[in-house]
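Peer 1: Input target_25.txt, format and content: compact mmCIF, C-alpha atoms and all ligand atoms.
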```txt
# COMPACT_ATOMS: atom_id res chain seq x y z
CA MET V 554 1.74 26.29 -141.65
CA SER V 555 4.43 28.78 -140.65
CA ARG V 556 5.46 31.50 -143.06
CA PHE V 557 8.83 29.75 -143.24
CA PHE V 558 7.65 26.39 -144.61
CA SER V 559 9.30 25.66 -147.92
CA ASP V 560 7.21 25.86 -151.06
CA ARG V 561 8.64 22.48 -151.95
CA PHE V 562 6.49 20.88 -149.26
CA SER V 563 3.61 23.25 -148.69
CA GLY V 564 1.32 21.21 -150.93
CA LEU V 565 1.95 17.90 -149.15
CA SER V 566 -0.94 16.04 -147.60
CA PRO V 567 0.75 13.67 -145.19
CA TYR V 568 -0.22 10.06 -144.57
CA THR V 569 -2.96 9.69 -141.96
CA PRO V 570 -2.13 6.84 -139.59
CA GLY V 571 -4.98 4.92 -137.95
CA GLU V 572 -6.15 6.43 -134.68
CA GLN V 573 -4.19 5.58 -131.53
CA PRO V 574 -6.73 6.88 -129.01
CA LYS V 575 -5.76 7.44 -125.39
CA GLU V 576 -9.11 8.50 -123.90
CA ARG V 577 -10.64 5.06 -123.70
CA ARG V 578 -9.65 1.40 -123.99
CA TYR V 579 -10.79 0.14 -127.35
CA ILE V 580 -10.62 -3.24 -128.94
CA LYS V 581 -8.14 -2.01 -131.49
CA LEU V 582 -8.74 -3.52 -134.90
CA ASN V 583 -7.68 -0.51 -136.94
CA THR V 584 -3.94 -0.56 -137.61
CA ASN V 585 -3.15 -4.20 -138.40
CA GLU V 586 -1.01 -4.68 -135.33
CA SER V 587 -0.64 -8.19 -133.93
CA PRO V 588 -2.88 -8.98 -130.96
CA PHE V 589 -0.08 -11.16 -129.58
CA PRO V 590 2.93 -9.89 -127.62
CA PRO V 591 6.43 -10.41 -128.97
CA SER V 592 8.04 -13.69 -127.95
CA PRO V 593 9.56 -13.68 -124.44
CA ASN V 594 13.13 -13.73 -125.76
CA VAL V 595 12.47 -10.44 -127.57
CA GLU V 596 11.60 -8.75 -124.30
CA GLU V 597 14.72 -10.18 -122.72
CA ALA V 598 16.94 -9.07 -125.63
CA VAL V 599 15.62 -5.52 -125.44
CA ALA V 600 16.18 -5.32 -121.70
CA ARG V 601 19.72 -6.64 -122.07
CA GLU V 602 20.62 -4.30 -124.90
CA SER V 603 19.24 -1.22 -123.17
CA ALA V 604 22.30 -1.27 -120.88
CA LYS V 605 24.39 -0.32 -123.93
CA LEU V 606 22.38 2.70 -125.01
CA MET V 607 25.30 5.09 -124.50
CA LEU V 608 26.87 3.55 -127.61
CA TYR V 609 25.75 4.13 -131.18
CA SER V 610 24.19 1.18 -132.94
CA ASP V 611 26.08 -0.71 -135.65
CA PRO V 612 25.51 1.35 -138.82
CA GLU V 613 25.84 -1.80 -140.89
CA CYS V 614 23.41 -3.74 -138.68
CA VAL V 615 25.47 -6.81 -139.50
CA GLU V 616 23.95 -9.27 -137.05
CA ILE V 617 20.29 -8.72 -137.86
CA ARG V 618 21.09 -8.67 -141.59
CA GLU V 619 22.97 -11.96 -141.23
CA ALA V 620 20.00 -13.47 -139.46
CA LEU V 621 17.60 -12.24 -142.16
CA ALA V 622 19.89 -13.46 -144.93
CA GLU V 623 20.02 -16.89 -143.35
CA GLN V 624 16.28 -17.17 -142.81
CA TYR V 625 15.43 -16.04 -146.35
CA GLY V 626 18.24 -17.88 -148.10
CA VAL V 627 20.09 -14.88 -149.55
CA ASP V 628 23.50 -13.28 -149.05
CA ILE V 629 23.98 -10.52 -146.48
CA SER V 630 24.86 -8.14 -149.34
CA ASN V 631 21.27 -8.58 -150.56
CA VAL V 632 19.76 -7.19 -147.33
CA VAL V 633 19.18 -3.70 -145.97
CA VAL V 634 17.33 -2.93 -142.73
CA THR V 635 15.43 0.25 -142.01
CA ASN V 636 13.30 2.08 -139.47
CA GLY V 637 10.10 0.28 -140.39
CA SER V 638 9.52 -0.80 -143.97
CA ASP V 639 8.04 2.64 -144.67
CA GLU V 640 11.62 3.88 -144.63
CA VAL V 641 12.92 1.35 -147.15
CA LEU V 642 9.94 2.19 -149.38
CA ASN V 643 10.75 5.89 -149.19
CA PHE V 644 14.41 5.22 -149.98
CA ALA V 645 13.44 2.95 -152.86
CA PHE V 646 11.15 5.61 -154.33
CA MET V 647 13.93 8.19 -154.01
CA ALA V 648 16.51 5.85 -155.51
CA PHE V 649 14.62 4.25 -158.37
CA ALA V 650 11.96 6.69 -159.55
CA ASP V 651 12.04 10.19 -161.02
CA GLU V 652 10.60 12.14 -163.98
CA LYS V 653 12.25 9.69 -166.36
CA ARG V 654 11.06 6.67 -164.41
CA PRO V 655 7.64 7.61 -163.08
CA LEU V 656 5.79 5.35 -160.67
CA ILE V 657 2.76 3.19 -161.25
CA PHE V 658 0.73 1.50 -158.53
CA PRO V 659 -2.91 0.50 -158.01
CA ASP V 660 -5.60 3.09 -157.24
CA ILE V 661 -6.52 1.14 -154.13
CA THR V 662 -3.39 0.30 -152.16
CA TYR V 663 -1.19 1.42 -149.29
CA GLY V 664 -1.84 5.12 -148.70
CA PHE V 665 1.81 5.91 -148.20
CA TYR V 666 2.76 5.37 -151.86
CA PRO V 667 1.28 8.62 -153.18
CA VAL V 668 2.62 10.46 -150.14
CA PHE V 669 6.19 9.28 -150.74
CA ALA V 670 5.81 10.03 -154.43
CA LYS V 671 4.73 13.62 -153.72
CA LEU V 672 7.37 14.08 -151.02
CA ASN V 673 10.04 13.14 -153.58
CA ARG V 674 8.34 14.94 -156.48
CA ILE V 675 7.98 11.76 -158.49
CA PRO V 676 5.19 11.69 -161.07
CA TYR V 677 2.87 8.72 -160.59
CA THR V 678 -0.15 7.06 -162.14
CA GLU V 679 -2.72 5.12 -160.16
CA ILE V 680 -4.01 2.15 -162.10
CA PRO V 681 -7.54 1.04 -161.24
CA LEU V 682 -7.84 -2.42 -159.77
CA LYS V 683 -10.26 -4.67 -161.60
CA GLU V 684 -13.89 -4.61 -160.53
CA ASP V 685 -13.24 -7.47 -158.06
CA PHE V 686 -10.23 -5.55 -156.65
CA SER V 687 -7.70 -7.93 -158.18
CA ILE V 688 -4.63 -6.62 -160.00
CA ASP V 689 -4.46 -7.19 -163.75
CA LYS V 690 -0.82 -8.00 -164.43
CA ASN V 691 -1.20 -6.73 -168.00
CA ASP V 692 -1.61 -3.21 -166.60
CA TYR V 693 1.97 -3.42 -165.35
CA MET V 694 3.75 -5.36 -168.07
CA GLY V 695 6.23 -3.68 -170.39
CA LYS V 696 5.37 -0.20 -169.10
CA ASN V 697 8.87 1.23 -168.65
CA LYS V 698 7.76 2.61 -165.30
CA THR V 699 8.84 1.92 -161.76
CA VAL V 700 6.23 -0.44 -160.34
CA VAL V 701 5.08 -0.73 -156.73
CA ILE V 702 2.74 -3.50 -155.69
CA ALA V 703 1.76 -4.56 -152.19
CA ASN V 704 1.32 -8.33 -152.21
CA PRO V 705 -1.00 -9.18 -150.54
CA ASN V 706 -2.49 -5.79 -151.32
CA ALA V 707 -3.91 -3.50 -148.67
CA PRO V 708 -6.65 -2.83 -147.76
CA THR V 709 -8.17 -5.45 -150.06
CA GLY V 710 -6.14 -8.43 -148.80
CA LEU V 711 -5.92 -9.89 -152.31
CA TYR V 712 -2.82 -11.84 -153.25
CA MET V 713 -1.18 -12.13 -156.65
CA GLY V 714 0.66 -15.34 -157.56
CA LEU V 715 4.43 -15.36 -157.95
CA SER V 716 4.32 -16.19 -161.64
CA ASP V 717 2.37 -12.97 -162.30
CA ILE V 718 4.89 -11.02 -160.23
CA GLU V 719 7.70 -12.61 -162.21
CA ASP V 720 6.04 -11.66 -165.50
CA ILE V 721 5.84 -8.03 -164.37
CA VAL V 722 9.49 -8.01 -163.26
CA LYS V 723 10.67 -9.68 -166.46
CA SER V 724 8.76 -7.31 -168.72
CA ASN V 725 10.17 -4.12 -167.15
CA PRO V 726 13.91 -4.75 -167.33
CA LYS V 727 14.75 -1.03 -167.39
CA ASN V 728 12.88 -0.32 -164.18
CA VAL V 729 12.80 -1.49 -160.61
CA VAL V 730 9.74 -3.42 -159.48
CA ILE V 731 9.08 -3.03 -155.76
CA ILE V 732 7.04 -5.75 -154.09
CA ASP V 733 5.84 -4.76 -150.62
CA GLU V 734 5.33 -7.94 -148.63
CA ALA V 735 4.12 -6.45 -145.33
CA TYR V 736 1.42 -9.15 -145.13
CA VAL V 737 3.00 -12.10 -146.90
CA ASP V 738 3.27 -14.25 -143.77
CA PHE V 739 -0.52 -14.44 -143.51
CA GLY V 740 -1.08 -16.35 -146.69
CA GLY V 741 1.29 -15.64 -149.54
CA GLN V 742 4.56 -16.85 -150.92
CA SER V 743 7.48 -14.44 -150.80
CA ALA V 744 9.09 -13.26 -154.03
CA VAL V 745 12.49 -13.07 -152.32
CA GLY V 746 13.79 -16.10 -154.22
CA LEU V 747 13.42 -14.15 -157.48
CA ILE V 748 16.04 -11.53 -156.56
CA LYS V 749 18.75 -13.98 -157.63
CA LYS V 750 17.31 -14.07 -161.11
CA TYR V 751 16.34 -10.42 -161.61
CA ASP V 752 18.48 -7.38 -160.86
CA ASN V 753 15.43 -5.09 -161.02
CA LEU V 754 13.41 -6.62 -158.19
CA LEU V 755 13.25 -5.16 -154.69
CA VAL V 756 11.21 -7.04 -152.09
CA THR V 757 10.34 -5.29 -148.82
CA GLY V 758 9.08 -6.69 -145.55
CA THR V 759 8.43 -5.69 -141.97
CA PHE V 760 8.48 -6.93 -138.39
CA SER V 761 5.40 -4.80 -137.64
CA LYS V 762 2.65 -7.24 -138.50
CA SER V 763 3.37 -10.98 -138.26
CA ARG V 764 6.22 -10.49 -135.78
CA SER V 765 4.40 -8.29 -133.27
CA MET V 766 6.98 -5.49 -133.37
CA ALA V 767 5.14 -2.47 -134.81
CA GLY V 768 6.44 -0.29 -131.98
CA ALA V 769 10.07 -1.27 -132.58
CA ARG V 770 10.17 -0.05 -136.19
CA LEU V 771 12.06 -2.68 -138.14
CA GLY V 772 11.72 -3.16 -141.87
CA PHE V 773 13.92 -4.73 -144.51
CA GLY V 774 14.57 -4.86 -148.21
CA PHE V 775 15.96 -7.65 -150.39
CA GLY V 776 17.49 -7.04 -153.78
CA CYS V 777 20.60 -7.59 -155.84
CA GLN V 778 23.77 -6.18 -154.36
CA SER V 779 23.79 -3.00 -156.45
CA LEU V 780 20.17 -2.10 -155.61
CA ILE V 781 20.96 -2.52 -151.92
CA ALA V 782 24.11 -0.41 -152.35
CA ASP V 783 22.01 2.42 -153.85
CA ILE V 784 19.61 2.30 -150.93
CA ASN V 785 22.58 2.40 -148.59
CA THR V 786 23.87 5.54 -150.33
CA LEU V 787 20.60 7.23 -149.36
CA ARG V 788 20.53 5.65 -145.92
CA TYR V 789 24.03 6.90 -145.12
CA SER V 790 23.05 10.31 -146.49
CA THR V 791 20.07 10.45 -144.14
CA ASN V 792 20.78 8.56 -140.93
CA PRO V 793 23.35 5.75 -140.74
CA TYR V 794 21.93 4.80 -137.31
CA ASN V 795 18.40 4.42 -138.60
CA VAL V 796 17.78 1.17 -136.70
CA ASN V 797 18.47 1.42 -133.01
CA ARG V 798 20.34 -1.13 -130.90
CA MET V 799 17.34 -2.51 -129.09
CA THR V 800 15.39 -2.99 -132.28
CA CYS V 801 18.30 -4.87 -133.91
CA GLU V 802 18.45 -7.24 -130.94
CA ALA V 803 14.68 -7.59 -130.84
CA GLY V 804 14.69 -8.50 -134.52
CA LYS V 805 17.35 -11.18 -134.04
CA ALA V 806 15.42 -12.65 -131.14
CA ALA V 807 12.20 -12.64 -133.16
CA LEU V 808 13.84 -14.48 -136.05
CA ALA V 809 15.06 -17.08 -133.57
CA SER V 810 11.47 -17.66 -132.38
CA ARG V 811 10.09 -18.66 -135.73
CA GLU V 812 7.80 -21.35 -134.34
CA TYR V 813 6.12 -18.92 -131.97
CA TYR V 814 5.33 -16.50 -134.79
CA ASP V 815 4.27 -19.26 -137.19
CA GLU V 816 1.82 -20.43 -134.53
CA ASN V 817 0.47 -16.87 -134.14
CA CYS V 818 0.03 -16.55 -137.92
CA LYS V 819 -1.90 -19.80 -137.93
CA LYS V 820 -4.25 -18.47 -135.24
CA ILE V 821 -4.73 -15.23 -137.16
CA ILE V 822 -5.54 -17.10 -140.36
CA GLU V 823 -8.10 -19.25 -138.51
CA SER V 824 -9.72 -16.20 -136.94
CA ARG V 825 -9.70 -14.41 -140.27
CA GLU V 826 -11.55 -17.23 -141.95
CA TRP V 827 -14.00 -17.51 -139.06
CA THR V 828 -14.63 -13.75 -139.16
CA GLU V 829 -15.20 -13.69 -142.92
CA ARG V 830 -17.68 -16.59 -142.65
CA GLU V 831 -19.56 -14.99 -139.75
CA LEU V 832 -19.72 -11.63 -141.51
CA GLU V 833 -21.03 -13.33 -144.64
CA LYS V 834 -23.77 -14.94 -142.55
CA LEU V 835 -24.84 -11.40 -141.67
CA GLY V 836 -24.94 -10.48 -145.34
CA PHE V 837 -21.53 -8.85 -145.60
CA GLU V 838 -19.43 -9.21 -148.68
CA THR V 839 -15.75 -9.96 -147.99
CA THR V 840 -12.79 -10.12 -150.33
CA GLY V 841 -11.18 -13.40 -149.27
CA SER V 842 -8.22 -11.80 -147.52
CA HIS V 843 -4.70 -13.22 -147.46
CA ALA V 844 -3.61 -10.69 -144.81
CA ASN V 845 -4.19 -10.07 -141.09
CA PHE V 846 -7.32 -8.05 -141.78
CA VAL V 847 -10.65 -8.56 -143.45
CA PHE V 848 -12.18 -6.08 -145.84
CA ALA V 849 -15.94 -6.13 -145.69
CA LYS V 850 -19.04 -4.23 -146.71
CA SER V 851 -22.74 -4.57 -146.04
CA ASP V 852 -25.74 -3.30 -147.95
CA ARG V 853 -27.51 -2.77 -144.64
CA ILE V 854 -25.30 0.02 -143.33
CA SER V 855 -22.80 2.45 -144.82
CA GLY V 856 -19.13 1.85 -144.17
CA LYS V 857 -18.80 5.12 -142.32
CA GLU V 858 -21.80 4.53 -140.11
CA LEU V 859 -20.67 1.05 -139.15
CA TYR V 860 -17.24 2.42 -138.28
CA LEU V 861 -18.77 5.17 -136.11
CA LYS V 862 -21.24 2.87 -134.35
CA LEU V 863 -18.55 0.29 -133.62
CA LYS V 864 -16.38 3.05 -132.21
CA GLN V 865 -19.18 4.08 -129.84
CA LYS V 866 -19.27 0.47 -128.71
CA GLY V 867 -15.56 0.37 -128.05
CA VAL V 868 -14.35 -1.39 -131.21
CA LEU V 869 -12.07 0.52 -133.56
CA VAL V 870 -11.85 -0.48 -137.21
CA ARG V 871 -10.42 1.42 -140.18
CA HIS V 872 -12.65 3.26 -142.60
CA PHE V 873 -11.31 5.01 -145.71
CA ASP V 874 -13.17 7.97 -147.18
CA LYS V 875 -11.94 7.13 -150.66
CA GLN V 876 -14.94 6.87 -152.95
CA ARG V 877 -14.34 3.44 -154.42
CA ILE V 878 -14.04 1.75 -151.03
CA CYS V 879 -16.06 3.99 -148.71
CA GLN V 880 -18.68 1.29 -148.27
CA TYR V 881 -16.03 -1.00 -146.74
CA ASN V 882 -14.23 -1.29 -143.45
CA ARG V 883 -10.83 -2.82 -142.95
CA ILE V 884 -10.94 -4.89 -139.79
CA THR V 885 -7.69 -6.13 -138.29
CA VAL V 886 -7.85 -9.75 -137.19
CA GLY V 887 -7.34 -9.80 -133.43
CA THR V 888 -7.65 -12.71 -131.04
CA ALA V 889 -10.54 -15.16 -131.43
CA GLU V 890 -12.13 -13.52 -128.37
CA GLN V 891 -11.85 -10.02 -129.88
CA MET V 892 -13.42 -11.20 -133.12
CA LYS V 893 -16.33 -12.72 -131.21
CA ILE V 894 -16.93 -9.38 -129.53
CA LEU V 895 -16.74 -7.62 -132.90
CA LEU V 896 -19.45 -9.90 -134.29
CA GLU V 897 -21.63 -9.40 -131.19
CA LYS V 898 -21.33 -5.63 -131.52
CA ILE V 899 -22.24 -5.72 -135.21
CA LYS V 900 -25.31 -7.84 -134.41
CA GLU V 901 -26.28 -5.36 -131.67
CA ILE V 902 -25.97 -2.47 -134.11
CA PHE V 903 -28.13 -4.23 -136.68
CA GLU V 904 -30.78 -4.92 -134.00
CA GLU V 905 -30.73 -1.44 -132.53
CA GLU V 906 -31.02 0.16 -135.94
CA ASN V 907 -33.62 -2.33 -137.17
CA LEU V 908 -31.42 -3.21 -140.10
C1 LIG V 1001 2.06 -1.75 -142.41
C2 LIG V 1001 2.52 -1.64 -143.82
C3 LIG V 1001 3.83 -1.27 -144.16
C4 LIG V 1001 4.89 -0.85 -143.26
O1 LIG V 1001 4.86 -0.78 -142.02
P1 LIG V 1001 6.13 -0.49 -141.14
O2 LIG V 1001 5.55 -0.50 -139.78
O3 LIG V 1001 6.69 0.85 -141.54
O4 LIG V 1001 7.10 -1.58 -141.40
C5 LIG V 1001 4.20 -1.27 -145.48
N1 LIG V 1001 3.34 -1.59 -146.44
C6 LIG V 1001 2.10 -1.93 -146.17
C7 LIG V 1001 1.19 -2.28 -147.29
C8 LIG V 1001 1.64 -1.94 -144.86
O5 LIG V 1001 0.38 -2.24 -144.60
```
Take the structure from the file and write it as structure tokens.
Ligand SMILES: *Cc1c(COP(=O)(O)O)cnc(C)c1O

Peer 2:
Amino acid sequence: MSRFFSDRFSGLSPYTPGEQPKERRYIKLNTNESPFPPSPNVEEAVARESAKLMLYSDPECVEIREALAEQYGVDISNVVVTNGSDEVLNFAFMAFADEKRPLIFPDITYGFYPVFAKLNRIPYTEIPLKEDFSIDKNDYMGKNKTVVIANPNAPTGLYMGLSDIEDIVKSNPKNVVIIDEAYVDFGGQSAVGLIKKYDNLLVTGTFSKSRSMAGARLGFGFGCQSLIADINTLRYSTNPYNVNRMTCEAGKAALASREYYDENCKKIIESREWTERELEKLGFETTGSHANFVFAKSDRISGKELYLKLKQKGVLVRHFDKQRICQYNRITVGTAEQMKILLEKIKEIFEEENL
């Protein structure tokens, strides 16, 4: 830290992204990226748009918002797009939470929530998931707090039904409820339809996972017109050109290739179920994930050791040091071939270690 760093931020511990190693080619199952490339028309759209890079992007991002509005059945005034969904989450925290409206979210969830809360000096409470890692809706009902829930949740992969979400939204009419749907395409139903009924619901999503565009940074938020207007006040106070030209075009092209991405999601879901079954055969416990990762632990080896041994063998998975989940690893679902290799490597480790 320099001697100039503001006291406001000196206590921050920033989010730790999954490793992106350069020294060796790994089978990368650690950051929930898609193993599939973007659809061919995305590549084409980016190449075409790059010829216009001397011009600023459209600050209103009208075309991509129109396309999102159409696909999700809402009005364009209900949509904001951002530089990854991390950005819309940060804006939403800034806009809708403060000392008077503190945040609540699960103890085991996306690691960025406490970071954004601290960055914006918002008090927060982490509510323990139930023993089986599910969310008890009663913990969030009628709390007069700003609620954030990832659905499906990460890194557990557990999904909460829409009627539970609706109960939480309905019972906190003085607060915004933020539902982070980064993984919804892998086995959940979106809550977007509920924004017409509730003015306190913000639903966020991303092109990073199911749409193979993590590197393009495109996220979105759906909410009633006035919630979106508030987020835009912050967006225009930060960076009106937060989504670049090529990413806007890539997003439009991706939305136009719905079948391609639906097919990829189907493959991921099949591989996920295969991987969970195979891991269970080896004695692992899995959570029954609804996302593009599995969350698994074994009594035969610690979570940390399995992570390290897999890394030595060229397979990267994500391990969290957090006490409640340190026995687990979060394993991104790659291609069927990659998952086969993962299973082979785990069997090798068990043999070599006589486990
Ligand atoms: C990956 C992820 C995001 C956001 O990713 P972006 O790449 O910023 O869109 C948001 N929430 C959860 C739970 C995630 O796993």

Peer 1: Show me which residues sit within 8 Å of ligand LIG 1001 (chain V) when counting all atoms listed in the file, and put them as an NGL selection string.

Peer 2: :V and (584-585 or 636-640 or 642 or 662-663 or 665 or 703-708 or 733-736 or 758-762 or 767-768 or 770-772)

Peer 1: When you count all atoms listed in the file, which of these residues is closest to Asp560 in chain V: V:Leu672, V:Ala803, V:Ile629, V:Cys614?

Peer 2: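 So, comparing all the options, the nearest one is V:Leu672.
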
Peer 1: Mind pulling up the distance from CA of Asn817 in chain V to CA of Val870 in chain V?

Peer 2: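 These two atoms are separated by 20.7 Å.
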
Peer 1: Using only C-alpha atoms, pick whichever of V:Ile781, V:Cys801, V:Leu895, V:Leu608 has the shortest atom-to-atom distance to Ala769 in chain V.

Peer 2: V:Cys801

Peer 1: Measuring atom to atom with all atoms listed in the file, identify which of V:Phe773, V:Tyr625, V:Phe658, V:Tyr860 is nearest to Ser743 in chain V.

Peer 2: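 The closest residue to Ser743 in chain V is V:Tyr625.
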
Peer 1: What's the separation between CA of Ala604 in chain V and CA of Thr800 in chain V, in Å to one decimal place?

Peer 2: 13.4 Å

Peer 1: Which distance in Å separates CA of Asn785 in chain V and CA of Val730 in chain V, to one decimal?

Peer 2: 17.8 Å

Peer 1: Could you name the residues that touch Gly714 in chain V at 9 Å or less, counting all atoms listed in the file, but leaving out those on the same chain fewer than 2 positions away, as a PDB file with C-alpha atoms, keeping the file's coordinate frame?

Peer 2:
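Done, and the output landed in out24.pdb:
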```pdb
ATOM      1  CA  ASN V 704       1.320  -8.330-152.210  1.00  0.00           C
ATOM      2  CA  TYR V 712      -2.820 -11.840-153.250  1.00  0.00           C
ATOM      3  CA  SER V 716       4.320 -16.190-161.640  1.00  0.00           C
ATOM      4  CA  ASP V 717       2.370 -12.970-162.300  1.00  0.00           C
ATOM      5  CA  ILE V 718       4.890 -11.020-160.230  1.00  0.00           C
ATOM      6  CA  GLU V 719       7.700 -12.610-162.210  1.00  0.00           C
ATOM      7  CA  GLY V 741       1.290 -15.640-149.540  1.00  0.00           C
ATOM      8  CA  GLN V 742       4.560 -16.850-150.920  1.00  0.00           C
TER       9      GLN V 742
END
```

Peer 1: Which residue is closest to Asn643 in chain V? Choose from V:Lys605, V:Glu572, V:Cys879, V:Ile731 and count only C-alpha atoms.

Peer 2: V:Ile731

Peer 1: For Gly867 in chain V, find every residue with an atom within 8 Å (counting only C-alpha atoms), except residues of its own chain fewer than 4 positions away, and show them as a list in words.

Peer 2: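 Listing them by chain and then by number gives Arg578, Tyr579, Ile580 and Leu863 of chain V.
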
Peer 1: What's around Ala889 in chain V at 12 Å? Count all atoms listed in the file, leave out sequence neighbours fewer than 4 positions away in its own chain, and write the answer as a ChimeraX atom specification.

Peer 2: /V:588-589,817,819-828,885,893-896

Peer 1: Can you work out which one of V:Phe903, V:Tyr881, V:Phe873, V:Tyr677 has the shortest atom-to-atom distance to Gly571 in chain V, counting all atoms listed in the file?

Peer 2: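 Counting all atoms listed in the file, the residue closest to Gly571 in chain V is V:Phe873.
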
Peer 1: List the neighbours of Ser687 in chain V out to 9 Å using only C-alpha atoms; skip same-chain residues closer than 4 positions along the sequence, and give me the result as a PDB file with C-alpha atoms, in the coordinates of the input.

Peer 2:
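Produced file selection-v6.pdb, reproduced below:
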```pdb
ATOM      1  CA  LEU V 682      -7.840  -2.420-159.770  1.00  0.00           C
ATOM      2  CA  LYS V 683     -10.260  -4.670-161.600  1.00  0.00           C
ATOM      3  CA  ASN V 706      -2.490  -5.790-151.320  1.00  0.00           C
ATOM      4  CA  THR V 709      -8.170  -5.450-150.060  1.00  0.00           C
ATOM      5  CA  LEU V 711      -5.920  -9.890-152.310  1.00  0.00           C
ATOM      6  CA  TYR V 712      -2.820 -11.840-153.250  1.00  0.00           C
ATOM      7  CA  MET V 713      -1.180 -12.130-156.650  1.00  0.00           C
TER       8      MET V 713
END
```

Peer 1: I'd like the contact shell of Ile680 in chain V - 12 Å cut-off, only C-alpha atoms, skipping same-chain residues fewer than 3 positions apart - returned as a short mmCIF file (atom, residue, chain, number, x, y, z; two decimals) with C-alpha atoms, in the frame of the given file.

Peer 2:
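The file below, selection.cif, is the result:
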```cif
data_model
loop_
_atom_site.label_atom_id
_atom_site.label_comp_id
_atom_site.auth_asym_id
_atom_site.auth_seq_id
_atom_site.Cartn_x
_atom_site.Cartn_y
_atom_site.Cartn_z
CA LEU V 656 5.79 5.35 -160.67
CA ILE V 657 2.76 3.19 -161.25
CA PHE V 658 0.73 1.50 -158.53
CA PRO V 659 -2.91 0.50 -158.01
CA ASP V 660 -5.60 3.09 -157.24
CA ILE V 661 -6.52 1.14 -154.13
CA THR V 662 -3.39 0.30 -152.16
CA TYR V 677 2.87 8.72 -160.59
CA LYS V 683 -10.26 -4.67 -161.60
CA PHE V 686 -10.23 -5.55 -156.65
CA SER V 687 -7.70 -7.93 -158.18
CA ILE V 688 -4.63 -6.62 -160.00
CA ASP V 689 -4.46 -7.19 -163.75
CA LYS V 690 -0.82 -8.00 -164.43
CA ASN V 691 -1.20 -6.73 -168.00
CA ASP V 692 -1.61 -3.21 -166.60
CA TYR V 693 1.97 -3.42 -165.35
CA LYS V 696 5.37 -0.20 -169.10
CA VAL V 700 6.23 -0.44 -160.34
CA VAL V 701 5.08 -0.73 -156.73
CA ILE V 702 2.74 -3.50 -155.69
#
```

Peer 1: Point out the residue among V:Ala809, V:Glu596, V:Arg883, V:Leu582 with the least atom-to-atom distance to Val868 in chain V, counting only C-alpha atoms.

Peer 2: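 Distance minimum relative to Val868 in chain V lands on V:Leu582.
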
Peer 1: Within 7 Å of (23.3, 4.5, -138.5), in the coordinates the file gives, what residues turn up when you count all atoms listed in the file, written out as a PyMOL selection string?

Peer 2: chain V and resi 610-612+792-796
